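Below: coords36.tsv (TSV, C-alpha atoms)
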chain	number	residue	atom	x	y	z
A	894	MET	CA	-36.00	-42.58	51.87
A	895	SER	CA	-33.66	-42.27	48.94
A	896	ASP	CA	-30.27	-40.60	49.23
A	897	ASP	CA	-31.16	-38.49	46.19
A	898	SER	CA	-34.14	-36.75	47.79
A	899	VAL	CA	-34.92	-34.60	50.80
A	900	ILE	CA	-37.76	-35.33	53.20
A	901	MET	CA	-39.10	-32.31	55.05
A	902	TYR	CA	-41.67	-32.43	57.84
A	903	THR	CA	-43.13	-29.09	58.92
A	904	ASP	CA	-45.53	-27.75	61.52
A	905	GLY	CA	-46.66	-24.42	62.89
A	906	SER	CA	-48.24	-23.39	66.14
A	907	SER	CA	-49.76	-20.32	67.73
A	908	ARG	CA	-50.93	-19.75	71.26
A	909	GLY	CA	-54.06	-17.87	70.37
A	910	ASN	CA	-54.78	-16.94	66.80
A	911	PRO	CA	-53.22	-14.40	66.72
A	912	GLY	CA	-50.80	-14.89	69.54
A	913	PRO	CA	-47.25	-16.04	70.18
A	914	GLY	CA	-46.30	-18.66	67.59
A	915	GLY	CA	-43.57	-20.83	66.27
A	916	TYR	CA	-42.61	-23.33	63.63
A	917	GLY	CA	-40.77	-26.63	63.63
A	918	VAL	CA	-39.02	-28.45	60.79
A	919	VAL	CA	-37.39	-31.86	60.57
A	920	MET	CA	-35.32	-32.35	57.40
A	921	MET	CA	-33.72	-35.62	56.33
A	922	HIS	CA	-31.38	-36.47	53.48
A	923	GLY	CA	-29.75	-39.87	53.55
A	924	ARG	CA	-28.33	-40.21	57.05
A	925	LEU	CA	-28.35	-36.46	57.65
A	926	ARG	CA	-31.02	-34.94	59.86
A	927	LYS	CA	-31.59	-31.30	60.75
A	928	GLU	CA	-34.15	-29.70	63.05
A	929	LEU	CA	-35.18	-26.05	62.83
A	930	SER	CA	-37.46	-23.89	64.95
A	931	ARG	CA	-38.14	-20.26	65.73
A	932	GLY	CA	-40.68	-18.37	67.83
A	933	TYR	CA	-42.56	-15.15	67.09
A	934	ARG	CA	-44.22	-12.79	69.54
A	935	LEU	CA	-47.43	-12.19	67.52
A	936	THR	CA	-48.53	-14.25	64.54
A	937	THR	CA	-51.09	-16.79	63.34
A	938	ASN	CA	-51.11	-20.55	63.00
A	939	ASN	CA	-51.37	-20.42	59.18
A	940	ARG	CA	-48.39	-18.08	58.98
A	941	MET	CA	-46.31	-20.45	61.09
A	942	GLU	CA	-47.38	-23.47	59.01
A	943	LEU	CA	-46.16	-21.68	55.88
A	944	MET	CA	-43.09	-20.21	57.57
A	945	ALA	CA	-41.96	-23.72	58.47
A	946	VAL	CA	-41.83	-24.67	54.79
A	947	ILE	CA	-40.05	-21.43	53.89
A	948	ALA	CA	-37.47	-21.90	56.67
A	949	GLY	CA	-36.72	-25.42	55.47
A	950	LEU	CA	-36.29	-24.31	51.86
A	951	GLU	CA	-34.08	-21.40	52.89
A	952	THR	CA	-31.61	-23.80	54.53
A	953	MET	CA	-31.17	-25.87	51.37
A	954	LYS	CA	-27.72	-25.67	49.80
A	955	ARG	CA	-28.62	-27.64	46.67
A	956	THR	CA	-31.47	-27.09	44.24
A	957	ASP	CA	-31.02	-30.32	42.28
A	958	LEU	CA	-32.62	-32.59	44.88
A	959	PRO	CA	-36.35	-33.35	44.86
A	960	ILE	CA	-38.05	-32.43	48.13
A	961	THR	CA	-41.12	-34.04	49.63
A	962	VAL	CA	-42.80	-31.78	52.17
A	963	TYR	CA	-45.06	-33.43	54.74
A	964	SER	CA	-47.42	-31.01	56.46
A	965	ASP	CA	-50.53	-31.33	58.59
A	966	SER	CA	-51.74	-27.99	57.23
A	967	GLN	CA	-54.54	-28.34	54.69
A	968	TYR	CA	-54.06	-24.61	54.05
A	969	VAL	CA	-50.46	-25.05	52.90
A	970	VAL	CA	-50.86	-28.37	51.09
A	971	LYS	CA	-54.04	-27.45	49.21
A	972	ALA	CA	-52.76	-23.99	48.29
A	973	VAL	CA	-49.97	-25.69	46.37
A	974	THR	CA	-51.54	-28.95	45.18
A	975	GLN	CA	-54.93	-27.54	44.21
A	976	GLY	CA	-53.61	-24.45	42.45
A	977	TRP	CA	-54.91	-21.87	44.90
A	978	LEU	CA	-51.51	-20.18	45.08
A	979	LYS	CA	-51.28	-19.81	41.30
A	980	LYS	CA	-54.67	-18.05	41.29
A	981	TRP	CA	-53.70	-15.83	44.22
A	982	LEU	CA	-50.48	-14.80	42.48
A	983	ALA	CA	-52.26	-14.20	39.16
A	984	THR	CA	-54.81	-11.91	40.85
A	985	ASN	CA	-52.32	-10.28	43.25
A	986	PHE	CA	-54.20	-11.84	46.14
A	987	ALA	CA	-57.48	-10.11	45.22
A	988	GLY	CA	-60.28	-10.40	47.72
A	989	GLY	CA	-58.06	-9.94	50.74
A	990	LYS	CA	-56.24	-13.27	50.72
A	991	LYS	CA	-54.02	-13.39	53.75
A	992	ASN	CA	-50.27	-13.92	54.13
A	993	LYS	CA	-49.38	-12.39	50.79
A	994	ASP	CA	-45.85	-11.62	51.99
A	995	LEU	CA	-45.13	-15.24	52.92
A	996	TRP	CA	-46.81	-16.74	49.86
A	997	LYS	CA	-44.72	-14.52	47.58
A	998	ARG	CA	-41.59	-15.50	49.50
A	999	PHE	CA	-42.54	-19.18	49.22
A	1000	ALA	CA	-43.31	-18.90	45.48
A	1001	ALA	CA	-39.92	-17.35	44.76
A	1002	LEU	CA	-38.17	-20.17	46.65
A	1003	ALA	CA	-40.37	-22.94	45.24
A	1004	ALA	CA	-39.50	-21.95	41.68
A	1005	ASN	CA	-36.00	-23.32	42.33
A	1006	TYR	CA	-37.04	-26.79	43.53
A	1007	ARG	CA	-38.94	-29.93	42.57
A	1008	LEU	CA	-41.45	-30.02	45.39
A	1009	ASN	CA	-44.05	-32.61	46.27
A	1010	PHE	CA	-46.51	-31.85	49.07
A	1011	VAL	CA	-48.16	-34.55	51.16
A	1012	TRP	CA	-50.78	-33.96	53.84
A	1013	VAL	CA	-50.36	-35.92	57.07
A	1014	LYS	CA	-52.75	-36.10	59.99
A	1015	GLY	CA	-51.54	-33.92	62.84
A	1016	HIS	CA	-51.19	-35.11	66.43
A	1017	ALA	CA	-51.32	-38.72	65.29
A	1018	THR	CA	-48.76	-41.52	65.12
A	1019	ASN	CA	-46.18	-39.96	62.80
A	1020	PRO	CA	-43.04	-39.41	64.91
A	1021	HIS	CA	-41.55	-36.80	62.56
A	1022	ASN	CA	-44.74	-34.74	62.49
A	1023	ASN	CA	-45.01	-35.06	66.26
A	1024	ARG	CA	-41.43	-33.85	66.64
A	1025	CYS	CA	-42.21	-30.82	64.45
A	1026	ASP	CA	-45.19	-30.07	66.70
A	1027	GLU	CA	-42.92	-30.23	69.76
A	1028	LEU	CA	-40.42	-27.89	68.12
A	1029	ALA	CA	-43.15	-25.44	67.07
A	1030	THR	CA	-44.87	-25.32	70.46
A	1031	GLU	CA	-41.57	-25.03	72.34
A	1032	ALA	CA	-40.61	-22.13	70.06
A	1033	ALA	CA	-43.98	-20.43	70.60
A	1034	ASP	CA	-43.57	-20.80	74.37
A	1035	GLY	CA	-39.98	-19.57	74.31
A	1036	THR	CA	-38.58	-16.38	75.80
A	1037	HIS	CA	-36.65	-15.05	72.79
A	1038	LEU	CA	-39.57	-14.42	70.45
A	1039	ILE	CA	-38.93	-12.28	67.41
A	1040	ARG	CA	-41.25	-9.94	65.54
A	1041	ASP	CA	-43.29	-11.26	62.60
A	1042	ASP	CA	-42.96	-8.06	60.58
A	1043	GLY	CA	-45.26	-9.22	57.81
A	1044	TYR	CA	-48.06	-9.82	60.28
A	1045	GLU	CA	-47.51	-6.96	62.70
A	1046	ASP	CA	-47.07	-4.39	59.91
A	1047	ASP	CA	-50.12	-5.55	57.91
A	1048	PRO	CA	-52.83	-2.88	58.20
A	1049	ASP	CA	-55.46	-5.42	57.06
A	1050	ARG	CA	-54.56	-8.16	59.54
A	1051	ASN	CA	-57.77	-7.79	61.58

As structure tokens - that is how I would like this structure written.
Amino acid sequence: MSDDSVIMYTDGSSRGNPGPGGYGVVMMHGRLRKELSRGYRLTTNNRMELMAVIAGLETMKRTDLPITVYSDSQYVVKAVTQGWLKKWLATNFAGGKKNKDLWKRFAALAANYRLNFVWVKGHATNPHNNRCDELATEAADGTHLIRDDGYEDDPDRN
């Protein structure tokens, strides 16, 4: 890992889909390391996978550093790397694409950074991904769960 880049591992979890959920993030820059997590009372796994990336980006103090995001979510990685998100934004999420609120939030943040997304196999031998999974599941199982307004207020969620 270079001192001039940020490495971000992310993971999301939900206990039921929908159900209580959480995200976990491990961020590294040089010798610095930060862990983030938060739990929600009612959400989905895909929302938590994406929320993990958003939470990591929202903690960044500098926009001049390249960021490599490692995620075990095909949904998140392919949406960015295969251009799905660009199409969803161009069509205002036509066809009922889910998580519009979070994708718009992500897109606004992402415009400020040089991001590279890498898919990693979940629940495998990667210690950083495994730590994110621990953080996400602990958050989902926690007692101080907050409301996922974007999910709970969405009339089309079911």

Counting only C-alpha atoms, I want the residues whose atoms come within 10 Å of (-40.7, -10.5, 67.8) in the file frame, returned as a PDB file with C-alpha atoms, in the coordinates of the input.
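Output contents, as saved in out-v7.pdb:
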ATOM      1  CA  PRO A 913     -47.250 -16.040  70.180  1.00  0.00           C
ATOM      2  CA  GLY A 914     -46.300 -18.660  67.590  1.00  0.00           C
ATOM      3  CA  GLY A 932     -40.680 -18.370  67.830  1.00  0.00           C
ATOM      4  CA  TYR A 933     -42.560 -15.150  67.090  1.00  0.00           C
ATOM      5  CA  ARG A 934     -44.220 -12.790  69.540  1.00  0.00           C
ATOM      6  CA  LEU A 935     -47.430 -12.190  67.520  1.00  0.00           C
ATOM      7  CA  THR A 936     -48.530 -14.250  64.540  1.00  0.00           C
ATOM      8  CA  HIS A1037     -36.650 -15.050  72.790  1.00  0.00           C
ATOM      9  CA  LEU A1038     -39.570 -14.420  70.450  1.00  0.00           C
ATOM     10  CA  ILE A1039     -38.930 -12.280  67.410  1.00  0.00           C
ATOM     11  CA  ARG A1040     -41.250  -9.940  65.540  1.00  0.00           C
ATOM     12  CA  ASP A1041     -43.290 -11.260  62.600  1.00  0.00           C
ATOM     13  CA  ASP A1042     -42.960  -8.060  60.580  1.00  0.00           C
ATOM     14  CA  GLU A1045     -47.510  -6.960  62.700  1.00  0.00           C
TER      15      GLU A1045
END

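With only C-alpha atoms as the atoms that count, the residue of A:His1021, A:Arg998, A:Arg940, A:Lys971 with the shortest distance to Ser906 in chain A is A:Arg940.
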
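Considering the residues A:Leu925, A:Leu1002, A:Ile900, A:Leu982 and counting all atoms listed in the file, Glu951 in chain A has its shortest atom-to-atom contact with A:Leu1002.
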
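Our summary of the geometry notes that CA of Val899 in chain A is positioned 29.2 Å from CA of Ala983 in chain A.
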
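One distance worth recording is that between CA of Gly917 in chain A and CA of Leu1028 in chain A, which is 4.7 Å.
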
- prompt: For Glu928 in chain A, which of A:Thr903, A:Thr974, A:Thr1018, A:Thr1030 is the closest residue, counting all atoms listed in the file?
  reply: A:Thr903

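Across the model, the gap from CA of Arg908 in chain A to CA of Ala1017 in chain A is 19.9 Å.
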
field: Contacts of Ala1003 in chain A within 10 Å, all atoms listed in the file, excl. fewer than 3 positions in-chain, as a ChimeraX atom specification
entry: /A:946-947,950,956,997-1000,1006-1008

Please complete range 964-986 of chain A with N, CA and C atoms and give it back as a short mmCIF file (atom, residue, chain, number, x, y, z; two decimals), in the frame of the given file.
data_model
loop_
_atom_site.label_atom_id
_atom_site.label_comp_id
_atom_site.auth_asym_id
_atom_site.auth_seq_id
_atom_site.Cartn_x
_atom_site.Cartn_y
_atom_site.Cartn_z
N SER A 964 -46.83 -32.04 55.61
CA SER A 964 -47.42 -31.01 56.46
C SER A 964 -48.80 -31.45 56.91
N ASP A 965 -49.17 -31.06 58.13
CA ASP A 965 -50.53 -31.33 58.59
C ASP A 965 -51.45 -30.13 58.33
N SER A 966 -50.97 -29.18 57.56
CA SER A 966 -51.74 -27.99 57.23
C SER A 966 -52.45 -28.15 55.89
N GLN A 967 -53.76 -28.31 55.93
CA GLN A 967 -54.54 -28.34 54.69
C GLN A 967 -54.34 -27.03 53.92
N TYR A 968 -54.26 -25.93 54.64
CA TYR A 968 -54.06 -24.61 54.05
C TYR A 968 -52.82 -24.58 53.16
N VAL A 969 -51.71 -25.06 53.67
CA VAL A 969 -50.46 -25.05 52.90
C VAL A 969 -50.52 -26.07 51.77
N VAL A 970 -50.88 -27.29 52.09
CA VAL A 970 -50.86 -28.37 51.09
C VAL A 970 -51.83 -28.08 49.95
N LYS A 971 -53.06 -27.70 50.27
CA LYS A 971 -54.04 -27.45 49.21
C LYS A 971 -53.72 -26.20 48.40
N ALA A 972 -53.13 -25.20 49.05
CA ALA A 972 -52.76 -23.99 48.29
C ALA A 972 -51.82 -24.34 47.16
N VAL A 973 -50.94 -25.29 47.39
CA VAL A 973 -49.97 -25.69 46.37
C VAL A 973 -50.56 -26.75 45.43
N THR A 974 -51.12 -27.81 46.00
CA THR A 974 -51.54 -28.95 45.18
C THR A 974 -52.83 -28.69 44.40
N GLN A 975 -53.67 -27.81 44.89
CA GLN A 975 -54.93 -27.54 44.21
C GLN A 975 -54.92 -26.24 43.42
N GLY A 976 -53.75 -25.63 43.31
CA GLY A 976 -53.61 -24.45 42.45
C GLY A 976 -54.10 -23.14 43.03
N TRP A 977 -54.45 -23.12 44.31
CA TRP A 977 -54.91 -21.87 44.90
C TRP A 977 -53.85 -20.79 44.80
N LEU A 978 -52.59 -21.16 45.09
CA LEU A 978 -51.51 -20.18 45.08
C LEU A 978 -51.33 -19.56 43.71
N LYS A 979 -51.41 -20.36 42.66
CA LYS A 979 -51.28 -19.81 41.30
C LYS A 979 -52.35 -18.76 41.04
N LYS A 980 -53.58 -19.02 41.47
CA LYS A 980 -54.67 -18.05 41.29
C LYS A 980 -54.41 -16.80 42.12
N TRP A 981 -53.97 -16.99 43.37
CA TRP A 981 -53.70 -15.83 44.22
C TRP A 981 -52.61 -14.96 43.62
N LEU A 982 -51.56 -15.57 43.10
CA LEU A 982 -50.48 -14.80 42.48
C LEU A 982 -50.96 -14.09 41.23
N ALA A 983 -51.76 -14.78 40.42
CA ALA A 983 -52.26 -14.20 39.16
C ALA A 983 -53.17 -13.00 39.41
N THR A 984 -53.88 -13.00 40.54
CA THR A 984 -54.81 -11.91 40.85
C THR A 984 -54.26 -10.95 41.91
N ASN A 985 -52.97 -11.08 42.21
CA ASN A 985 -52.32 -10.28 43.25
C ASN A 985 -53.09 -10.35 44.56
N PHE A 986 -53.54 -11.56 44.88
CA PHE A 986 -54.20 -11.84 46.14
C PHE A 986 -55.49 -11.03 46.31
#
